[in-house]
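Some notes on the structure that comes next.
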Amino acid sequence: FGTTHHPMFIQPEDVGEHLPATMWHMDDPYGREEMVQCLLLVREARKHVRLLLAGYGADMTMGGMPRHRLAHLAMSNPWLRKPLARFHYYTQTGIQPKDLLVRALIRGYHGGGLLPPPRVLGTDYVPEFDPLEPRGDAPLSHHLAAGMREDCGWEAYEGLHASEGVRFNAPFMDPAYIAATRSVPDSLKIRGRRQKLALRLAGGGLLPDDLLKR
């Protein structure tokens, strides 16, 4: 495509320094460490461009997040569905399960002890438990479509881009593209340990191998 790449490396110790500015521009109590990365990326991009094409939505439509692989495993293995569903619920809420098997899975996942659940002042909201029961002939696609209907915090990303006067478009959020992904078989979204398989196959010969394998 004739693009010029500008790799950026952000160290864990840098997050605290940039967190106050990140929260200020987001104007929304929503966030992960990637929000800091987004702000620093926009600051760097402003030196070169005024419009960014962002990859937001690629994971959500094609099953690219760790939790999507977990859901896929649960829906594909009935004998493991119950503990994997509880494990999935923990990863989304931080609420520690009582089941010893699930606690063992969590310890293995984190490589140590259980992480404390996050506390949000002023609310007792507890997300609804998802048993990850497969639905229809394409359960993964159904699960992804349900996730797309939830509030994804786009306003926070918009604020981070606006802070530097940089606009962004998200091609993966195009309605026609989203509709097309729903017809892609589950086996071309997640297969074994490979996720977003169809996108990786489509990128063959167009993107460097190291990017396709990430």
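Simple scheme: letters A, B, ... for chains in structure tokens order, numbers from 1 for residues in each chain, numbers from 1 for ligands in the order shown.
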
message: Would you pick out the contacts of range 63-65 of chain A at 6 Å or less, using only C-alpha atoms, so that residues sharing its chain but fewer than 5 positions from it are not included, and give the list as a PyMOL selection string?
response: chain A and resi 189+195-196

Listing only residues of range 25-73 of chain A within 9 Å of range 120-141 of chain A, what is the closest atom pair and its distance in Å (to one decimal) for each, using only C-alpha atoms, sorted by chain and residue number ascending, as a Markdown table?
```
| residue | atom | partner | partner_atom | distance |
| --- | --- | --- | --- | --- |
| A:Thr61 | CA | A:Ser141 | CA | 8.0 |
| A:Met62 | CA | A:Ser141 | CA | 8.1 |
| A:Gly63 | CA | A:Leu140 | CA | 7.9 |
| A:His68 | CA | A:Leu140 | CA | 8.0 |
| A:Ala71 | CA | A:Leu132 | CA | 6.5 |
| A:His72 | CA | A:Leu140 | CA | 6.0 |
```

message: Taking only C-alpha atoms into account, name the residue in A:Glu34, A:Val42, A:Thr4, A:Lys82 that is nearest to Gly165 in chain A.
response: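 Residue with the minimum atom-to-atom distance to Gly165 in chain A: A:Val42.
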
- prompt: Looking at A:Pro83, A:Gly159, A:Pro12, A:Gly55, which one is nearest to Asp28 in chain A, with distances taken over only C-alpha atoms?
  reply: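 Using only C-alpha atoms, Asp28 in chain A sits closest to A:Gly159.
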
task: Fewer than 3 positions away in the same chain doesn't count, so skip those; otherwise give me all residues within 12 Å of range 202-213 of chain A, counting only C-alpha atoms, as number ranges by chain.
output: A: 1-3, 5, 188, 193-199

Mind dumping the selected residues with N, CA, C and O atoms as a PDB file, in the first residue's frame?
```
ATOM      1  N   PHE A   1       0.819  -1.216   0.000  1.00  0.00           N
ATOM      2  CA  PHE A   1       0.000   0.000   0.000  1.00  0.00           C
ATOM      3  C   PHE A   1       0.851   1.264   0.000  1.00  0.00           C
ATOM      4  O   PHE A   1       0.312   2.363  -0.002  1.00  0.00           O
ATOM      5  N   GLY A   2       2.158   1.120   0.060  1.00  0.00           N
ATOM      6  CA  GLY A   2       3.037   2.283   0.058  1.00  0.00           C
ATOM      7  C   GLY A   2       2.987   3.085   1.346  1.00  0.00           C
ATOM      8  O   GLY A   2       3.188   4.305   1.340  1.00  0.00           O
ATOM      9  N   THR A   3       2.684   2.430   2.456  1.00  0.00           N
ATOM     10  CA  THR A   3       2.575   3.131   3.738  1.00  0.00           C
ATOM     11  C   THR A   3       3.938   3.252   4.414  1.00  0.00           C
ATOM     12  O   THR A   3       4.862   2.492   4.135  1.00  0.00           O
ATOM     13  N   HIS A   5       5.591   3.239   8.195  1.00  0.00           N
ATOM     14  CA  HIS A   5       5.254   2.822   9.549  1.00  0.00           C
ATOM     15  C   HIS A   5       6.069   3.596  10.589  1.00  0.00           C
ATOM     16  O   HIS A   5       7.254   3.869  10.386  1.00  0.00           O
ATOM     17  N   LEU A 188     -14.218 -19.689  10.163  1.00  0.00           N
ATOM     18  CA  LEU A 188     -13.326 -18.716   9.554  1.00  0.00           C
ATOM     19  C   LEU A 188     -13.124 -17.496  10.445  1.00  0.00           C
ATOM     20  O   LEU A 188     -12.476 -16.526  10.047  1.00  0.00           O
ATOM     21  N   ARG A 193      -6.259 -22.021  17.882  1.00  0.00           N
ATOM     22  CA  ARG A 193      -5.714 -20.847  18.575  1.00  0.00           C
ATOM     23  C   ARG A 193      -5.713 -19.603  17.685  1.00  0.00           C
ATOM     24  O   ARG A 193      -5.324 -18.531  18.138  1.00  0.00           O
ATOM     25  N   ARG A 194      -6.114 -19.758  16.430  1.00  0.00           N
ATOM     26  CA  ARG A 194      -6.092 -18.627  15.498  1.00  0.00           C
ATOM     27  C   ARG A 194      -7.432 -17.893  15.528  1.00  0.00           C
ATOM     28  O   ARG A 194      -8.493 -18.512  15.431  1.00  0.00           O
ATOM     29  N   GLN A 195      -7.364 -16.588  15.659  1.00  0.00           N
ATOM     30  CA  GLN A 195      -8.560 -15.749  15.704  1.00  0.00           C
ATOM     31  C   GLN A 195      -8.546 -14.765  14.538  1.00  0.00           C
ATOM     32  O   GLN A 195      -7.509 -14.480  13.957  1.00  0.00           O
ATOM     33  N   LYS A 196      -9.729 -14.270  14.176  1.00  0.00           N
ATOM     34  CA  LYS A 196      -9.883 -13.380  13.023  1.00  0.00           C
ATOM     35  C   LYS A 196      -9.281 -14.031  11.767  1.00  0.00           C
ATOM     36  O   LYS A 196      -8.618 -13.374  10.961  1.00  0.00           O
ATOM     37  N   LEU A 197      -9.519 -15.328  11.618  1.00  0.00           N
ATOM     38  CA  LEU A 197      -8.871 -16.091  10.557  1.00  0.00           C
ATOM     39  C   LEU A 197      -9.154 -15.511   9.178  1.00  0.00           C
ATOM     40  O   LEU A 197      -8.252 -15.400   8.342  1.00  0.00           O
ATOM     41  N   ALA A 198     -10.410 -15.141   8.895  1.00  0.00           N
ATOM     42  CA  ALA A 198     -10.763 -14.632   7.566  1.00  0.00           C
ATOM     43  C   ALA A 198      -9.989 -13.358   7.239  1.00  0.00           C
ATOM     44  O   ALA A 198      -9.547 -13.165   6.095  1.00  0.00           O
ATOM     45  N   LEU A 199      -9.811 -12.480   8.221  1.00  0.00           N
ATOM     46  CA  LEU A 199      -9.065 -11.243   7.985  1.00  0.00           C
ATOM     47  C   LEU A 199      -7.594 -11.544   7.716  1.00  0.00           C
ATOM     48  O   LEU A 199      -6.955 -10.892   6.880  1.00  0.00           O
TER      49      LEU A 199
END
```

- request: For His6 in chain A, please output as an NGL selection string all residues within 12 Å (counting only C-alpha atoms; exclusion window: fewer than 5 positions along the same chain).
  value: :A and (41 or 44-45 or 47-48)

message: So the first atom is CA of Ser183 in chain A and the second is CA of His88 in chain A; what is the distance between them in Å, to one decimal place?
response: 25.3 Å

Distance in Å - CA of Asp186 in chain A versus CA of Ala74 in chain A: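 Here the two named atoms are 13.7 Å from each other.
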
field: Å distance separating CA of His18 in chain A from CA of Glu164 in chain A, one decimal place
entry: 14.5 Å

task: Find the spatial neighbours of Ser163 in chain A, counting only C-alpha atoms, within a cut-off of 12 Å - ignore same-chain residues fewer than 5 positions away - and output them as a PyMOL selection string.
output: chain A and resi 21-27+38-43+46+156-158

task: DSSP on the backbone, then: every residue of chain A marked alpha helix (DSSP H), written as a PyMOL selection string.
output: chain A and resi 15-26+33-45+58-62+66-76+81-93+100-110+139-148+154-162+175-181+197-202+209-212

message: Measuring between only C-alpha atoms, which one of A:Pro171, A:Pro185, A:Gly111, A:Gly192 shows the shortest distance to Tyr56 in chain A?
response: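 Among the listed residues, the smallest separation from Tyr56 in chain A belongs to A:Pro171.
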
Given only C-alpha atoms as the counted atoms, nearest of A:Glu13, A:Leu73, A:Leu52, A:Arg32 to Val166 in chain A: A:Leu52

- prompt: Of the candidates A:Ala162, A:Leu101, A:Leu144, A:Val36, which shows the shortest atom-to-atom distance to Val184 in chain A, using only C-alpha atoms?
  reply: A:Leu144

message: Run DSSP on the backbone and tell me which residues of chain A come out as strand (DSSP E); list them as an MDAnalysis selection string.
response: chainID A and resid 51:53 167:169 190:191 194:195

Go ahead and save the residues from that selection, with C-alpha atoms, as a PDB file, in the first residue's frame.
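The resulting part-v5.pdb:
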```
ATOM      1  CA  LEU A  51      -7.500  11.873   9.759  1.00  0.00           C
ATOM      2  CA  LEU A  52      -6.891   8.354  11.051  1.00  0.00           C
ATOM      3  CA  LEU A  53      -8.400   5.110   9.797  1.00  0.00           C
ATOM      4  CA  ARG A 167     -10.652  12.922  13.174  1.00  0.00           C
ATOM      5  CA  PHE A 168     -11.036   9.172  12.800  1.00  0.00           C
ATOM      6  CA  ASN A 169     -13.027   6.823  10.611  1.00  0.00           C
ATOM      7  CA  ILE A 190     -11.849 -18.744  15.237  1.00  0.00           C
ATOM      8  CA  ARG A 191     -10.074 -21.998  14.437  1.00  0.00           C
ATOM      9  CA  ARG A 194      -6.092 -18.627  15.498  1.00  0.00           C
ATOM     10  CA  GLN A 195      -8.560 -15.749  15.704  1.00  0.00           C
TER      11      GLN A 195
END
```

message: Which residues are near Leu100 in chain A? Cut-off 12 Å, only C-alpha atoms, ignore same chain within fewer than 4 positions. Put them as number ranges by chain.
response: A: 83, 86-87, 96, 104-107, 114
